[in-house]
Structures are given as structure tokens and as C-alpha cells.
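Engineer: Dropping in run_2.txt, with compact mmCIF, C-alpha atoms.
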```txt
# COMPACT_ATOMS: atom_id res chain seq x y z
CA MET F 1 30.05 98.78 -11.15
CA ARG F 2 28.38 101.75 -9.50
CA TYR F 3 27.14 99.79 -6.53
CA TYR F 4 30.60 98.44 -5.74
CA GLU F 5 32.24 101.83 -6.18
CA GLY F 6 29.73 103.44 -3.81
CA LEU F 7 30.29 100.73 -1.22
CA ILE F 8 34.10 101.02 -1.36
CA LYS F 9 34.02 104.82 -1.27
CA ARG F 10 31.87 104.79 1.82
CA LYS F 11 33.78 102.08 3.65
CA PHE F 12 37.28 103.25 2.76
CA LYS F 13 36.72 106.94 2.20
CA ASP F 14 39.98 107.85 3.94
CA LEU F 15 42.06 105.66 1.65
CA VAL F 16 43.10 106.25 -1.92
CA GLY F 17 44.71 104.36 -4.78
CA SER F 18 47.47 101.90 -4.03
CA LYS F 19 46.91 101.99 -0.26
CA TYR F 20 43.43 100.55 -0.74
CA GLU F 21 44.83 97.87 -3.05
CA ALA F 22 47.41 96.89 -0.40
CA ILE F 23 44.65 96.59 2.22
CA GLN F 24 42.49 94.61 -0.15
CA LYS F 25 45.35 92.16 -0.66
CA GLU F 26 46.20 91.87 3.03
CA TYR F 27 42.56 91.52 4.15
CA SER F 28 41.28 89.45 1.25
CA GLU F 29 39.57 87.14 3.77
CA TYR F 30 37.14 90.01 4.47
CA ILE F 31 37.12 92.16 1.35
CA LEU F 32 35.59 91.17 -1.96
CA THR F 33 37.08 92.33 -5.24
CA GLU F 34 34.84 94.11 -7.73
CA GLU F 35 34.66 90.88 -9.72
CA GLU F 36 33.65 88.86 -6.63
CA MET F 37 31.04 91.45 -5.70
CA ARG F 38 29.13 90.75 -8.90
CA PRO F 39 26.45 88.06 -8.36
CA HIS F 40 27.10 84.86 -10.32
CA GLU F 41 25.05 84.10 -13.37
CA ILE F 42 22.96 81.12 -12.24
CA LYS F 43 22.69 78.62 -15.09
CA LYS F 44 23.34 75.29 -13.40
CA ILE F 45 21.75 74.38 -10.07
CA LEU F 46 22.48 71.24 -8.06
CA LEU F 47 19.74 69.82 -5.83
CA PRO F 48 20.88 66.85 -3.72
CA LEU F 49 18.33 64.41 -2.34
CA ASP F 50 18.42 61.30 -0.22
CA PHE F 51 16.20 58.96 1.79
CA SER F 52 15.75 61.60 4.54
CA VAL F 53 13.88 63.91 2.18
CA THR F 54 10.26 62.89 2.35
CA GLU F 55 8.40 65.74 0.74
CA VAL F 56 8.70 67.80 -2.40
CA SER F 57 9.07 71.46 -1.59
CA GLU F 58 6.80 73.42 -3.91
CA SER F 59 8.28 76.64 -2.54
CA ILE F 60 11.81 75.77 -3.70
CA CYS F 61 10.52 74.87 -7.18
CA GLU F 62 8.78 78.25 -7.26
CA LEU F 63 11.90 80.04 -6.07
CA LEU F 64 14.18 78.31 -8.60
CA SER F 65 11.85 79.38 -11.38
CA ALA F 66 13.28 82.89 -10.79
CA TYR F 67 16.40 81.72 -12.64
CA GLU F 68 15.35 81.84 -16.23
CA ASN F 69 17.27 79.42 -18.47
CA ALA F 70 18.79 77.58 -15.50
CA THR F 71 18.90 73.78 -15.47
CA VAL F 72 18.43 71.90 -12.21
CA THR F 73 20.32 68.65 -11.69
CA LEU F 74 18.62 66.39 -9.17
CA ILE F 75 20.92 63.88 -7.58
CA PHE F 76 19.78 61.11 -5.25
CA ILE F 77 22.54 59.55 -3.15
CA THR F 78 22.37 56.26 -1.30
CA ASP F 79 24.96 55.75 1.41
CA GLU F 80 27.52 53.28 0.07
CA GLN F 81 29.13 52.77 3.47
CA ILE F 82 25.87 51.52 5.03
CA SER F 83 25.35 49.21 2.07
CA ASP F 84 28.89 47.83 2.59
CA ILE F 85 28.29 47.33 6.33
CA ILE F 86 25.09 45.40 5.63
CA ARG F 87 26.94 43.29 3.06
CA ALA F 88 29.74 42.55 5.50
CA SER F 89 27.58 41.88 8.55
CA LEU F 90 24.71 40.01 6.84
CA ASP F 91 25.29 38.91 3.26
CA GLU F 92 25.60 40.16 -0.31
CA GLU F 93 21.89 39.78 -0.95
CA ALA F 94 20.90 41.91 2.07
CA GLY F 95 23.23 44.67 0.90
CA GLU F 96 21.70 44.61 -2.56
CA GLU F 97 18.21 44.61 -1.11
CA PHE F 98 19.09 47.71 0.95
CA THR F 99 20.39 49.53 -2.11
CA ARG F 100 17.45 48.44 -4.28
CA LYS F 101 14.88 49.70 -1.75
CA LYS F 102 16.61 53.06 -1.34
CA GLU F 103 16.87 53.45 -5.10
CA GLU F 104 13.21 52.61 -5.59
CA TYR F 105 12.39 55.38 -3.15
CA GLY F 106 14.89 57.65 -4.91
CA THR F 107 13.25 57.06 -8.28
CA ARG F 108 9.86 58.12 -6.88
CA LEU F 109 11.33 61.20 -5.21
CA LEU F 110 13.21 62.18 -8.38
CA ASP F 111 9.97 61.74 -10.38
CA ASP F 112 8.10 64.03 -7.97
CA TYR F 113 10.80 66.72 -7.99
CA GLU F 114 11.12 66.50 -11.74
CA HIS F 115 7.40 67.06 -12.07
CA CYS F 116 7.49 69.98 -9.62
CA LEU F 117 10.25 71.65 -11.66
CA THR F 118 9.18 70.85 -15.21
CA SER F 119 5.63 72.01 -14.47
CA ARG F 120 7.24 75.43 -13.97
CA ASN F 121 9.22 75.11 -17.20
CA ILE F 122 12.51 74.48 -15.39
CA PRO F 123 14.65 72.05 -17.39
CA CYS F 124 15.91 69.28 -15.22
CA MET F 125 18.36 66.37 -15.23
CA ARG F 126 18.57 63.49 -12.78
CA ARG F 127 21.20 61.17 -11.40
CA MET F 128 21.27 58.32 -8.94
CA LEU F 129 24.47 57.61 -7.03
CA LEU F 130 25.77 55.09 -4.55
CA GLY F 131 28.35 57.05 -2.59
CA ASN F 132 29.01 59.49 0.23
CA LYS F 133 26.26 62.05 0.80
CA GLN F 134 28.60 64.81 1.91
CA GLN F 135 31.87 64.18 0.06
CA ASP F 136 30.22 63.49 -3.30
CA ILE F 137 28.30 66.77 -3.15
CA LEU F 138 31.48 68.68 -2.29
CA LYS F 139 33.17 66.97 -5.26
CA ILE F 140 30.35 67.63 -7.74
CA ALA F 141 29.37 71.13 -6.60
CA PRO F 142 32.18 73.07 -8.37
CA ASP F 143 30.50 72.21 -11.69
CA PHE F 144 27.42 74.17 -10.62
CA ASP F 145 26.60 77.85 -10.06
CA MET F 146 24.32 77.27 -7.10
CA VAL F 147 23.34 74.46 -4.72
CA ALA F 148 19.89 74.05 -3.15
CA ILE F 149 19.97 71.68 -0.15
CA PRO F 150 16.95 70.33 1.72
CA LYS F 151 17.50 71.10 5.41
CA CYS F 152 17.03 67.44 6.37
CA TYR F 153 19.39 66.13 3.68
CA ALA F 154 21.39 63.21 5.13
CA SER F 155 19.65 63.51 8.50
CA ASN F 156 18.73 59.80 8.71
CA HIS F 157 15.54 60.76 10.57
CA PRO F 158 13.07 60.61 7.69
CA ASP F 159 10.01 60.87 9.94
CA SER F 160 10.83 64.31 11.36
CA CYS F 161 12.85 66.02 8.59
CA ALA F 162 14.97 67.64 11.30
CA VAL F 163 17.79 69.96 10.28
CA SER F 164 20.83 67.78 9.63
CA GLY F 165 24.41 68.46 10.57
CA ASP F 166 25.48 67.47 7.05
CA ALA F 167 23.15 70.05 5.46
CA ILE F 168 24.57 72.78 7.71
CA LEU F 169 28.14 71.66 7.08
CA LEU F 170 27.60 71.53 3.31
CA ALA F 171 25.97 74.96 3.30
CA GLN F 172 28.95 76.37 5.16
CA SER F 173 31.64 74.56 3.17
CA LEU F 174 30.49 75.13 -0.40
CA ALA F 175 32.00 77.89 -2.50
CA GLN F 176 28.80 78.59 -4.45
CA PRO F 177 25.72 80.51 -3.36
CA THR F 178 23.55 78.05 -1.47
CA ILE F 179 19.88 77.83 -0.57
CA VAL F 180 18.93 75.66 2.38
CA PHE F 181 15.20 74.92 2.44
CA MET S 1 6.50 86.67 -2.14
CA LYS S 2 8.32 88.63 0.52
CA ILE S 3 12.11 88.55 0.96
CA LEU S 4 14.00 89.43 4.12
CA VAL S 5 17.51 90.69 3.31
CA LEU S 6 19.85 90.67 6.29
CA LEU S 7 22.44 93.45 6.24
CA ASP S 8 25.26 93.24 8.78
CA GLY S 9 27.71 95.71 7.26
CA SER S 10 29.76 92.98 5.57
CA MET S 11 30.41 92.96 1.85
CA TRP S 12 28.90 89.49 1.71
CA SER S 13 25.57 90.77 2.95
CA HIS S 14 25.73 93.49 0.28
CA LYS S 15 26.29 90.79 -2.30
CA GLY S 16 23.27 89.01 -0.81
CA ALA S 17 21.22 92.16 -1.43
CA LEU S 18 22.25 92.03 -5.10
CA TYR S 19 21.13 88.39 -5.38
CA ALA S 20 17.86 89.31 -3.64
CA LEU S 21 17.33 92.12 -6.09
CA ARG S 22 17.47 89.70 -9.02
CA ILE S 23 14.99 87.32 -7.39
CA ALA S 24 12.68 90.19 -6.44
CA ARG S 25 12.75 91.50 -10.00
CA GLU S 26 11.85 88.10 -11.46
CA LYS S 27 9.23 87.15 -8.88
CA LYS S 28 7.87 90.66 -8.38
CA ALA S 29 8.62 90.21 -4.70
CA GLU S 30 8.46 92.69 -1.88
CA VAL S 31 11.74 93.20 0.01
CA VAL S 32 12.52 94.16 3.60
CA LEU S 33 16.09 95.22 4.34
CA PHE S 34 16.76 94.27 7.94
CA SER S 35 19.60 95.00 10.29
CA VAL S 36 20.13 94.36 13.98
CA LEU S 37 22.38 96.50 16.15
CA ASP S 38 23.62 94.77 19.26
CA LYS S 39 24.84 96.89 22.21
CA ARG S 40 27.13 94.04 23.18
CA ASP S 41 29.16 94.69 20.00
CA SER S 42 29.94 98.29 20.95
CA LYS S 43 30.68 97.20 24.51
CA SER S 44 33.17 94.52 23.43
CA MET S 45 34.82 96.82 20.88
CA ALA S 46 35.19 99.57 23.51
CA PHE S 47 36.62 97.08 25.98
CA ASN S 48 39.12 95.71 23.45
CA PHE S 49 40.16 99.24 22.52
CA CYS S 50 40.64 100.32 26.14
CA THR S 51 42.71 97.28 27.02
CA GLN S 52 44.89 97.69 23.93
CA SER S 53 45.38 101.42 24.41
CA ASN S 54 45.63 101.41 28.23
CA MET S 55 43.07 104.21 28.39
CA CYS S 56 40.23 102.53 30.18
CA SER S 57 39.22 105.62 32.14
CA ARG S 58 37.31 106.74 29.05
CA ILE S 59 35.69 103.42 28.21
CA GLU S 60 32.15 104.78 28.48
CA ASN S 61 32.95 107.52 25.99
CA TYR S 62 34.42 104.99 23.58
CA GLU S 63 31.37 102.80 23.90
CA SER S 64 28.91 105.58 23.16
CA GLN S 65 31.00 106.82 20.26
CA ILE S 66 31.28 103.31 18.77
CA TRP S 67 27.53 102.87 19.20
CA ARG S 68 26.88 106.17 17.39
CA ASP S 69 29.23 105.10 14.58
CA MET S 70 27.55 101.70 14.28
CA ARG S 71 24.16 103.41 13.92
CA LYS S 72 25.46 105.87 11.37
CA ASN S 73 27.21 103.18 9.31
CA ILE S 74 24.20 100.91 9.11
CA ASN S 75 21.92 103.86 8.30
CA ASP S 76 24.24 104.88 5.46
CA GLU S 77 24.44 101.33 4.14
CA MET S 78 20.72 100.81 4.35
CA ALA S 79 20.12 104.09 2.50
CA GLN S 80 22.48 103.08 -0.31
CA VAL S 81 20.95 99.63 -0.75
CA LEU S 82 17.43 101.07 -0.54
CA LEU S 83 18.25 103.52 -3.29
CA PHE S 84 19.45 100.67 -5.46
CA PHE S 85 16.22 98.74 -4.96
CA ASN S 86 14.07 101.83 -5.51
CA ARG S 87 15.82 102.48 -8.82
CA GLU S 88 14.69 99.02 -9.92
CA ASN S 89 11.12 99.81 -8.81
CA ILE S 90 11.11 97.02 -6.27
CA GLN S 91 8.78 97.57 -3.35
CA THR S 92 11.27 97.82 -0.49
CA ALA S 93 11.11 98.73 3.18
CA SER S 94 13.94 98.99 5.68
CA LYS S 95 14.11 98.20 9.37
CA ILE S 96 16.89 98.67 11.92
CA VAL S 97 16.28 97.18 15.34
CA GLU S 98 18.31 96.80 18.53
CA GLY S 99 18.91 93.53 20.32
CA SER S 100 20.36 90.09 19.74
CA ALA S 101 20.61 89.37 15.99
CA SER S 102 19.21 85.83 16.00
CA GLU S 103 16.33 86.67 18.36
CA GLU S 104 15.30 89.78 16.43
CA ILE S 105 15.49 88.05 13.05
CA ILE S 106 13.43 85.09 14.28
CA LYS S 107 10.87 87.52 15.74
CA GLU S 108 10.68 89.42 12.45
CA VAL S 109 10.29 86.27 10.31
CA GLN S 110 7.65 84.84 12.61
CA SER S 111 5.65 88.07 12.66
CA ASP S 112 5.39 88.42 8.91
CA GLY S 113 4.89 86.12 5.92
CA TYR S 114 8.39 85.84 4.51
CA GLY S 115 9.15 83.35 1.73
CA LEU S 116 12.93 83.75 1.70
CA ILE S 117 15.79 85.02 3.86
CA VAL S 118 18.93 86.26 2.13
CA MET S 119 22.17 86.63 4.06
CA GLY S 120 25.93 86.77 3.49
CA ALA S 121 27.58 83.35 3.77
CA TYR S 122 30.27 84.58 6.17
CA GLY S 123 28.79 87.52 8.06
CA ARG S 124 31.59 89.68 9.35
CA ASN S 125 33.83 86.63 9.75
CA PRO S 126 36.66 85.83 7.36
CA ARG S 127 35.62 83.77 4.38
CA SER S 128 37.38 80.72 5.78
CA SER S 129 34.67 80.44 8.44
CA GLY S 130 30.91 80.37 8.25
CA ASN S 131 28.19 82.76 9.35
CA SER S 132 27.46 81.85 12.98
CA LEU S 133 23.89 83.11 12.62
CA PHE S 134 23.00 80.55 9.96
CA PRO S 135 22.70 77.41 12.16
CA LYS S 136 20.59 79.32 14.69
CA LEU S 137 18.19 80.56 12.01
CA ILE S 138 17.87 77.34 10.00
CA ASN S 139 17.07 75.41 13.16
CA LYS S 140 14.27 77.76 14.18
CA LEU S 141 12.74 78.99 10.92
CA PRO S 142 10.76 77.10 8.27
CA VAL S 143 11.81 79.58 5.56
CA PRO S 144 14.47 78.89 2.88
CA ILE S 145 17.75 80.67 3.54
CA PHE S 146 19.90 81.93 0.68
CA MET S 147 23.58 82.25 1.54
CA ALA S 148 25.36 84.66 -0.76
CA ARG S 149 28.88 83.95 -2.01
```
Starting from the coordinates I provided, produce the structure as C-alpha cells.
Structural biologist:
Amino acid sequence: MRYYEGLIKRKFKDLVGSKYEAIQKEYSEYILTEEEMRPHEIKKILLPLDFSVTEVSESICELLSAYENATVTLIFITDEQISDIIRASLDEEAGEEFTRKKEEYGTRLLDDYEHCLTSRNIPCMRRMLLGNKQQDILKIAPDFDMVAIPKCYASNHPDSCAVSGDAILLAQSLAQPTIVF
Amino acid sequence: MKILVLLDGSMWSHKGALYALRIAREKKAEVVLFSVLDKRDSKSMAFNFCTQSNMCSRIENYESQIWRDMRKNINDEMAQVLLFFNRENIQTASKIVEGSASEEIIKEVQSDGYGLIVMGAYGRNPRSSGNSLFPKLINKLPVPIFMAR
């Protein structure tokens, strides 16, 4: 790749052959291989949602339309731990009511995002999960080429859509290219 | 659409530029390649060098030489990336400013209508840690941030 070769020649112009390879191995935390330098082909995009996300972002739908032939998987997660706490502290019915309300909201949000994406000819799939908003995304993400995270994902402050610690942590922990919006 | 590509000299930010190029090509976007040089970096590098080498009498010389090298390196990198974008006929400008990275980037984004920021996921840090600029930018800016990996 000409771009990669140019970059390496400029950065390591005083090194040749096997010496560069030894440095690349030793400093692999900092240096990308030629293969790693190549941008991933983006075919499968994961877009997590939850109760904290209150608005559909038209700008992210527009941006994702840059990836021709990519499919977006929308996933709405309801916090299972909170549901369990409600069940334990109140009763079974209250726990179910909590989950049902969140999932009703999730269905509407998934509908809105699906419309936003399909109106731009982006194929889209949807899932609803009862689980852990952070751990489940980390588990699912390796099956995708890119993750797009709303900045208030898992913030639990739905009225302000403030940047959440979980969104920042996910963006910094994932191994795929990530868009935070 | 206008894309701000942050170049910090790391290979991750170069990879970010390649991702930005693809988006710009598809969306017919305008691109600004942006880099911030911080005097504090040359100062801390000069200080580390002088304490390691026990030659602190020349610390000012080291600092000015490191600063000159930093400028030259980022100019070279910017020129190479710019050439790459120009070859693809993408409308591209470049800017190098001096100051604190987060403050200058926030100022730039707020002064112009950017629709996307593209940056390396790790900056100049090892890949086991994150880019320390990211939390500062996402907290202050209402623009999507693409982290290249």
C-alpha cells in the first residue's frame, strides 16, 4: 500500500529491513502493521439503544448511509439488574411492569430509527434484549465491523441526554472503529 | 458536510484520515486536516532528555530543536496526507495551530460548521489505553466523533 510505505519510510527512514521488523514487534503497542493500517470494510454496523436515548439522530443516519451495502443492527437493551431489584424489593408483577414499559418505549425508538435508516436505503435489523448495557455490547461487538453509540447511551438521565460514562468506556474499550454521536 | 480530521503524528490518526477519505468520497464532503502543536510537549521532552542524559545545561537548545522537529514532522505528515486527498479530488484544507490540543480543537469546531470529527482511537498512547482527548471533546462538542481502529 503506497500510503503505508510512504508513512513508514518517513517515520523510520534511518532503519532498514530486519531492524524495522524487530522494532515493529517490540513496539507493537504503538506501531500498526500494513494489514492493520488498511481501513476495515464496513459491512455490519451495531447501533445500541436504551431508555436514555430520547431522540433519533438524523445526522447519524445520514453519516451511516456513506457505507454502501452495510447493514445496521439496532439493539435496545433494558437493564436486567434493575428489573431483578424491583422484583426482589417489590414483587414479580412490578418487575414485569418495569420491563414491559421499557420495552414499549424500545419498540417505538426502534421503529423511529428503523424508519430513519430505511428511508436512506440502509438495510436494518432489530433486537430487543434484557441484559447488561455495557457487557452485552462488549460481547456482541466482535461480530460487527463498526459500532455507533449515542453519547447518552446508558446515562439514566433521559431528560438531558448527557454524555454517559458507559458510552465513553465502551468507545474506549471496543476493538472496532466507533462513532460516538 | 465538512469533516475535521485530527492528525497527531500517530499511525492511528493516519488510519483515521483513510477512514475520513472514504466517507468524504461517498458524501462529497469537504475535509480539514487539523493538527495542534503544544509547546508543553517539547518542554517535557527536553526536560526528560536532560535528566536522563545529565546534560541539563543545554536544555533550552534541546527544547528549541525538539520544537523545530515537531513542526517539521507535522508539516511533512500533513503534506503527505493532503497529497493523498488531493489525488482523490476531495476538497481539502490543512491547518496547524499552536496551543492546547483540546482547547484549539473545540475552538475550531465551534467556529465552523463541522458534521464529523475523525481521530485515532489511541492518540500517541499505546493501544492498550484510550485517547485522552476523546472524553474532553465528546463532553464539549455536539458533533459525532469517529474513533479509528
Engineer: (16.5, 64.4, -5.4) in this file's frame - what residues fall within 9 Å of it? Use all atoms listed in the file and give the answer as a list of chain:residue names.
Structural biologist: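 Nearby residues: F:Leu47, F:Pro48, F:Leu49, F:Asp50, F:Val53, F:Thr73, F:Leu74, F:Ile75, F:Phe76, F:Ile77, F:Gly106, F:Thr107, F:Leu109, F:Leu110, F:Asp111, F:Asp112, F:Tyr113, F:Glu114, F:Arg126, F:Arg127, F:Met128.
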Engineer: Kindly export the residues of the current selection with C-alpha atoms, as an mmCIF file, in the frame of the given file.
Structural biologist:
```
data_model
loop_
_atom_site.group_PDB
_atom_site.id
_atom_site.type_symbol
_atom_site.label_atom_id
_atom_site.label_comp_id
_atom_site.auth_asym_id
_atom_site.auth_seq_id
_atom_site.Cartn_x
_atom_site.Cartn_y
_atom_site.Cartn_z
ATOM 1 C CA LEU F 47 19.740 69.820 -5.830
ATOM 2 C CA PRO F 48 20.880 66.850 -3.720
ATOM 3 C CA LEU F 49 18.330 64.410 -2.340
ATOM 4 C CA ASP F 50 18.420 61.300 -0.220
ATOM 5 C CA VAL F 53 13.880 63.910 2.180
ATOM 6 C CA THR F 73 20.320 68.650 -11.690
ATOM 7 C CA LEU F 74 18.620 66.390 -9.170
ATOM 8 C CA ILE F 75 20.920 63.880 -7.580
ATOM 9 C CA PHE F 76 19.780 61.110 -5.250
ATOM 10 C CA ILE F 77 22.540 59.550 -3.150
ATOM 11 C CA GLY F 106 14.890 57.650 -4.910
ATOM 12 C CA THR F 107 13.250 57.060 -8.280
ATOM 13 C CA LEU F 109 11.330 61.200 -5.210
ATOM 14 C CA LEU F 110 13.210 62.180 -8.380
ATOM 15 C CA ASP F 111 9.970 61.740 -10.380
ATOM 16 C CA ASP F 112 8.100 64.030 -7.970
ATOM 17 C CA TYR F 113 10.800 66.720 -7.990
ATOM 18 C CA GLU F 114 11.120 66.500 -11.740
ATOM 19 C CA ARG F 126 18.570 63.490 -12.780
ATOM 20 C CA ARG F 127 21.200 61.170 -11.400
ATOM 21 C CA MET F 128 21.270 58.320 -8.940
#
```
Engineer: Counting all atoms listed in the file, write as a VMD selection string all protein and nucleic acid residues lying at most 10 Å from (15.2, 81.0, 6.0) in the file's frame.
Structural biologist: (chain F and resid 179 to 181) or (chain S and resid 3 to 4 105 to 106 109 114 to 119 134 137 to 147)
Engineer: Skipping near chain neighbours, those fewer than 4 positions away, what residues fall within 9 Å of F:Asn156 using all atoms listed in the file, listed as a list in words?
Structural biologist: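 Non-adjacent residues within range: Phe51, Ser52, Cys152, Cys161 and Ser164 of chain F.
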Engineer: Report the distance between atom CA of F:Leu90 and atom CA of F:Tyr105 in Å, rounded to one decimal place.
Structural biologist: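 These two atoms are separated by 22.1 Å.
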Engineer: Could you please tell me, as a PyMOL selection string, which residues of chain S have an atom within 9 Å of chain F when using only C-alpha atoms?
Structural biologist: chain S and resi 10-12+14-16+18-19+22-27+73+76-77+80-81+84+115-116+118+121-122+124-131+134-135+138-139+142-149
Engineer: Could you jot down the atom CA of F:Ser57 to atom CA of F:Val72 separation for me, Å, one decimal place?
Structural biologist: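 These two atoms are separated by 14.2 Å.
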Engineer: Report the distance between atom CA of F:Ile122 and atom CA of F:Ile140 in Å, rounded to one decimal place.
Structural biologist: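 It comes out at 20.6 Å.
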